[in-house]
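Enquirer: So I've got this file, work.pdb, and it contains PDB, C-alpha atoms:
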MODEL        1
ATOM      1  CA  MET A   3      83.339 101.297 145.617  1.00  0.00           C
ATOM      2  CA  ALA A   4      85.929 103.666 144.123  1.00  0.00           C
ATOM      3  CA  ILE A   5      87.644 102.756 140.862  1.00  0.00           C
ATOM      4  CA  THR A   6      91.424 102.599 141.208  1.00  0.00           C
ATOM      5  CA  GLU A   7      93.828 103.948 138.592  1.00  0.00           C
ATOM      6  CA  ASN A   8      94.751 100.393 137.571  1.00  0.00           C
ATOM      7  CA  GLU A   9      91.119  99.451 136.995  1.00  0.00           C
ATOM      8  CA  LYS A  10      90.700 102.487 134.727  1.00  0.00           C
ATOM      9  CA  GLN A  11      93.426 101.074 132.478  1.00  0.00           C
ATOM     10  CA  LEU A  12      91.523  97.914 131.583  1.00  0.00           C
ATOM     11  CA  PRO A  13      91.027  96.330 129.122  1.00  0.00           C
ATOM     12  CA  LYS A  14      94.418  95.921 127.504  1.00  0.00           C
ATOM     13  CA  ASN A  15      95.159  95.155 123.882  1.00  0.00           C
ATOM     14  CA  LEU A  16      98.158  93.038 122.871  1.00  0.00           C
ATOM     15  CA  LYS A  17     100.348  95.298 120.748  1.00  0.00           C
ATOM     16  CA  ASN A  18     103.539  93.261 120.305  1.00  0.00           C
ATOM     17  CA  ILE A  19     105.533  90.274 121.538  1.00  0.00           C
ATOM     18  CA  ILE A  20     109.252  90.877 122.017  1.00  0.00           C
ATOM     19  CA  THR A  21     111.442  87.796 121.793  1.00  0.00           C
ATOM     20  CA  PHE A  22     115.002  87.233 122.952  1.00  0.00           C
ATOM     21  CA  ASN A  23     117.338  85.135 120.805  1.00  0.00           C
ATOM     22  CA  VAL A  24     120.859  84.388 121.935  1.00  0.00           C
ATOM     23  CA  THR A  25     123.657  82.826 119.911  1.00  0.00           C
ATOM     24  CA  ALA A  26     124.638  79.602 121.667  1.00  0.00           C
ATOM     25  CA  THR A  27     128.317  79.739 122.566  1.00  0.00           C
ATOM     26  CA  ASN A  28     128.507  76.238 124.052  1.00  0.00           C
ATOM     27  CA  SER A  29     127.141  74.392 121.029  1.00  0.00           C
ATOM     28  CA  VAL A  30     129.075  72.972 118.115  1.00  0.00           C
ATOM     29  CA  ASP A  31     126.909  74.606 115.461  1.00  0.00           C
ATOM     30  CA  GLY A  32     126.462  77.990 117.195  1.00  0.00           C
ATOM     31  CA  GLY A  33     122.683  77.623 117.150  1.00  0.00           C
ATOM     32  CA  ILE A  34     120.134  80.073 118.486  1.00  0.00           C
ATOM     33  CA  ILE A  35     118.606  79.826 121.962  1.00  0.00           C
ATOM     34  CA  PRO A  36     115.120  81.461 122.053  1.00  0.00           C
ATOM     35  CA  TRP A  37     115.395  82.795 125.620  1.00  0.00           C
ATOM     36  CA  VAL A  38     117.694  84.604 128.037  1.00  0.00           C
ATOM     37  CA  ASN A  39     118.593  83.101 131.411  1.00  0.00           C
ATOM     38  CA  ILE A  40     117.978  85.843 133.986  1.00  0.00           C
ATOM     39  CA  GLY A  41     120.795  84.657 136.245  1.00  0.00           C
ATOM     40  CA  LYS A  42     123.292  84.690 133.369  1.00  0.00           C
ATOM     41  CA  ALA A  43     121.841  87.698 131.570  1.00  0.00           C
ATOM     42  CA  ASN A  44     125.095  89.670 131.720  1.00  0.00           C
ATOM     43  CA  GLU A  45     126.735  86.913 129.663  1.00  0.00           C
ATOM     44  CA  ASP A  46     123.723  86.428 127.391  1.00  0.00           C
ATOM     45  CA  ILE A  47     123.606  90.149 126.552  1.00  0.00           C
ATOM     46  CA  LEU A  48     126.941  89.772 124.787  1.00  0.00           C
ATOM     47  CA  ASN A  49     125.371  87.228 122.412  1.00  0.00           C
ATOM     48  CA  LEU A  50     121.874  88.729 122.211  1.00  0.00           C
ATOM     49  CA  LEU A  51     120.679  89.123 118.636  1.00  0.00           C
ATOM     50  CA  ASP A  52     119.342  92.586 117.717  1.00  0.00           C
ATOM     51  CA  ALA A  53     120.258  93.797 121.232  1.00  0.00           C
ATOM     52  CA  ASP A  54     120.231  97.495 120.342  1.00  0.00           C
ATOM     53  CA  GLU A  55     117.053  97.434 118.241  1.00  0.00           C
ATOM     54  CA  VAL A  56     114.463  99.789 119.725  1.00  0.00           C
ATOM     55  CA  VAL A  57     111.487  97.478 120.191  1.00  0.00           C
ATOM     56  CA  ILE A  58     109.299  99.897 122.172  1.00  0.00           C
ATOM     57  CA  PRO A  59     109.399 103.487 120.869  1.00  0.00           C
ATOM     58  CA  GLU A  60     107.367 104.929 123.748  1.00  0.00           C
ATOM     59  CA  HIS A  61     109.249 106.837 126.460  1.00  0.00           C
ATOM     60  CA  GLU A  62     107.407 105.450 129.506  1.00  0.00           C
ATOM     61  CA  ILE A  63     106.323 101.887 130.210  1.00  0.00           C
ATOM     62  CA  THR A  64     105.117  99.829 133.144  1.00  0.00           C
ATOM     63  CA  VAL A  65     106.590  96.375 133.713  1.00  0.00           C
ATOM     64  CA  SER A  66     104.367  93.938 135.610  1.00  0.00           C
ATOM     65  CA  ILE A  67     105.855  90.910 137.326  1.00  0.00           C
ATOM     66  CA  ASP A  68     103.581  88.187 138.663  1.00  0.00           C
ATOM     67  CA  HIS A  69     105.783  85.128 138.305  1.00  0.00           C
ATOM     68  CA  PRO A  70     107.817  83.672 140.122  1.00  0.00           C
ATOM     69  CA  ILE A  71     106.892  85.993 142.987  1.00  0.00           C
ATOM     70  CA  THR A  72     103.945  85.475 145.313  1.00  0.00           C
ATOM     71  CA  THR A  73     102.890  89.123 145.446  1.00  0.00           C
ATOM     72  CA  PRO A  74     102.587  90.667 141.970  1.00  0.00           C
ATOM     73  CA  THR A  75     104.422  93.955 141.514  1.00  0.00           C
ATOM     74  CA  SER A  76     105.014  96.520 138.812  1.00  0.00           C
ATOM     75  CA  PHE A  77     107.471  99.315 138.161  1.00  0.00           C
ATOM     76  CA  SER A  78     107.842 102.125 135.650  1.00  0.00           C
ATOM     77  CA  LEU A  79     110.722 102.688 133.270  1.00  0.00           C
ATOM     78  CA  TYR A  80     111.567 105.869 131.388  1.00  0.00           C
ATOM     79  CA  SER A  81     113.779 106.373 128.331  1.00  0.00           C
ATOM     80  CA  SER A  82     114.167 109.397 126.085  1.00  0.00           C
ATOM     81  CA  ILE A  83     114.856 107.194 123.037  1.00  0.00           C
ATOM     82  CA  GLY A  84     112.567 104.228 123.672  1.00  0.00           C
ATOM     83  CA  PHE A  85     113.551 100.753 124.793  1.00  0.00           C
ATOM     84  CA  SER A  86     115.919  98.261 123.183  1.00  0.00           C
ATOM     85  CA  ARG A  87     116.020  94.551 123.999  1.00  0.00           C
ATOM     86  CA  LYS A  88     119.272  95.146 125.853  1.00  0.00           C
ATOM     87  CA  LEU A  89     117.883  97.967 128.008  1.00  0.00           C
ATOM     88  CA  LEU A  90     114.732  96.011 128.842  1.00  0.00           C
ATOM     89  CA  LEU A  91     116.755  92.944 129.769  1.00  0.00           C
ATOM     90  CA  ILE A  92     119.093  94.918 132.020  1.00  0.00           C
ATOM     91  CA  GLU A  93     116.252  96.657 133.862  1.00  0.00           C
ATOM     92  CA  ILE A  94     114.143  93.499 134.278  1.00  0.00           C
ATOM     93  CA  ARG A  95     117.146  91.478 135.450  1.00  0.00           C
ATOM     94  CA  GLU A  96     118.009  94.096 138.085  1.00  0.00           C
ATOM     95  CA  LYS A  97     114.439  94.104 139.402  1.00  0.00           C
ATOM     96  CA  LEU A  98     114.219  90.297 139.523  1.00  0.00           C
ATOM     97  CA  LEU A  99     117.640  90.111 141.188  1.00  0.00           C
ATOM     98  CA  ALA A 100     116.462  92.506 143.902  1.00  0.00           C
ATOM     99  CA  LEU A 101     113.190  90.595 144.336  1.00  0.00           C
ATOM    100  CA  SER A 102     115.040  87.264 144.617  1.00  0.00           C
ATOM    101  CA  LYS A 103     116.809  88.579 147.717  1.00  0.00           C
ATOM    102  CA  VAL A 104     113.603  89.491 149.553  1.00  0.00           C
ATOM    103  CA  ALA A 105     112.916  86.829 152.187  1.00  0.00           C
ATOM    104  CA  GLU A 106     109.205  86.394 151.351  1.00  0.00           C
ATOM    105  CA  GLU A 107     109.933  86.021 147.642  1.00  0.00           C
ATOM    106  CA  SER A 108     113.191  84.048 147.744  1.00  0.00           C
ATOM    107  CA  PHE A 109     113.722  82.190 144.460  1.00  0.00           C
ATOM    108  CA  ASP A 110     116.676  81.024 142.385  1.00  0.00           C
ATOM    109  CA  ILE A 111     117.259  83.558 139.620  1.00  0.00           C
ATOM    110  CA  PHE A 112     119.452  81.076 137.711  1.00  0.00           C
ATOM    111  CA  VAL A 113     116.484  78.827 136.897  1.00  0.00           C
ATOM    112  CA  LEU A 114     114.452  81.625 135.269  1.00  0.00           C
ATOM    113  CA  ASP A 115     114.448  81.950 131.495  1.00  0.00           C
ATOM    114  CA  LEU A 116     112.913  85.055 129.936  1.00  0.00           C
ATOM    115  CA  VAL A 117     111.265  83.816 126.750  1.00  0.00           C
ATOM    116  CA  ALA A 118     109.386  86.935 125.674  1.00  0.00           C
ATOM    117  CA  LEU A 119     107.756  90.174 126.733  1.00  0.00           C
ATOM    118  CA  ASP A 120     104.093  90.743 125.972  1.00  0.00           C
ATOM    119  CA  VAL A 121     103.501  94.404 125.171  1.00  0.00           C
ATOM    120  CA  TYR A 122      99.996  95.691 125.885  1.00  0.00           C
ATOM    121  CA  GLN A 123      98.436  99.079 125.301  1.00  0.00           C
ATOM    122  CA  THR A 124      95.639 100.155 127.610  1.00  0.00           C
ATOM    123  CA  ASN A 125      92.622 102.063 126.349  1.00  0.00           C
ATOM    124  CA  SER A 126      94.195 105.232 127.722  1.00  0.00           C
ATOM    125  CA  GLY A 127      97.331 104.624 125.613  1.00  0.00           C
ATOM    126  CA  LYS A 128      99.699 103.480 128.370  1.00  0.00           C
ATOM    127  CA  ILE A 129     102.152 100.672 127.606  1.00  0.00           C
ATOM    128  CA  GLU A 130     102.334  97.709 129.980  1.00  0.00           C
ATOM    129  CA  ILE A 131     104.768  94.823 129.688  1.00  0.00           C
ATOM    130  CA  THR A 132     104.276  91.348 131.153  1.00  0.00           C
ATOM    131  CA  LEU A 133     106.994  88.710 131.352  1.00  0.00           C
ATOM    132  CA  ASP A 134     106.849  85.258 129.767  1.00  0.00           C
ATOM    133  CA  ILE A 135     109.136  83.282 132.098  1.00  0.00           C
ATOM    134  CA  ASP A 136     109.928  79.575 132.054  1.00  0.00           C
ATOM    135  CA  PHE A 137     111.674  77.564 134.744  1.00  0.00           C
TER     136      PHE A 137
ENDMDL
END
Take the structure in the file and give it back as structure tokens.
Expert:
Amino acid sequence: MAITENEKQLPKNLKNIITFNVTATNSVDGGIIPWVNIGKANEDILNLLDADEVVIPEHEITVSIDHPITTPTSFSLYSSIGFSRKLLLIEIREKLLALSKVAEESFDIFVLDLVALDVYQTNSGKIEITLDIDF
């Protein structure tokens, strides 16, 4: 049996956990919400704390999505300056929005909250991101 490129990348080591905190605009005290709603991400970006902080300095990453879809998928992102929370959120939201419109995957994007991103580094040095999503 031949070893695929993905199998060569294992095992992965957790390198970082990226969180998303949003200033609550609908609360009396202006508290902090520890997630971003994917469906309302364009609004949440405006109140995202540390939005422009580069949280992944590498120039190429792979984002793996296995929830809420039935067939796991992944895609690559490239950036000459690394990745900020804002850039990651925009790219992930666009991908989930597109996936939500596929008949086999159909899901309500407005019930998905992105709590965090788990950042892994494979033994070969590649960066892979997985999503921590709540309903």
Enquirer: Which residues come within 12 Å of A:Ile94, counting only C-alpha atoms, excluding same-chain residues fewer than 2 positions away, as number ranges by chain?
Expert: A: 38-41, 43-44, 64-67, 76-79, 85, 87-92, 96-101, 111, 114-116, 118-119, 131-135
Enquirer: Starting from the PyMOL selection byres ((chain A and resi 80) around 7), expand the selection into actual residues of this file and give them as a tab-separated table (two decimals) with C-alpha atoms, in the coordinates of the input.
Expert:
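The new file out.tsv reads:
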chain	number	residue	atom	x	y	z
A	61	HIS	CA	109.25	106.84	126.46
A	62	GLU	CA	107.41	105.45	129.51
A	63	ILE	CA	106.32	101.89	130.21
A	78	SER	CA	107.84	102.12	135.65
A	79	LEU	CA	110.72	102.69	133.27
A	81	SER	CA	113.78	106.37	128.33
A	82	SER	CA	114.17	109.40	126.08
Enquirer: Padding of 8 Å on every side, edges along x, y and z, all listed atoms of stretch 122-129 of chain A included: what centre and edge lengths in Å, to one decimal, does that box have, as JSON?
Expert:
{"center_x": 97.4, "center_y": 100.5, "center_z": 126.8, "size_x": 25.5, "size_y": 25.5, "size_z": 19.1}
Enquirer: Can you tell me how far atom CA of A:Asp52 sits from atom CA of A:Thr27, in Å to one decimal?
Expert: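 Pair atom CA of A:Asp52 / atom CA of A:Thr27 returns 16.4 Å.
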Enquirer: Can you tell me which residues surround A:Thr72 at a distance of at most 12 Å, considering only C-alpha atoms, apart from same-chain residues fewer than 2 positions away, and format the answer as a PyMOL selection string?
Expert: chain A and resi 67-70+74-75+101-102+104-109
Enquirer: Here is a test: counting only C-alpha atoms, which residue of A:Ala26, A:Ile71, A:Ile83, A:Gly33 is nearest to A:Asp54?
Expert: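 Counting only C-alpha atoms, the residue closest to A:Asp54 is A:Ile83.
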Enquirer: Could you tell me which of A:Phe22, A:Trp37, A:Tyr122, A:Phe137 comes closest to A:Ser86 if we count all atoms listed in the file?
Expert: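 The shortest atom-to-atom distance to A:Ser86 comes from A:Phe22.
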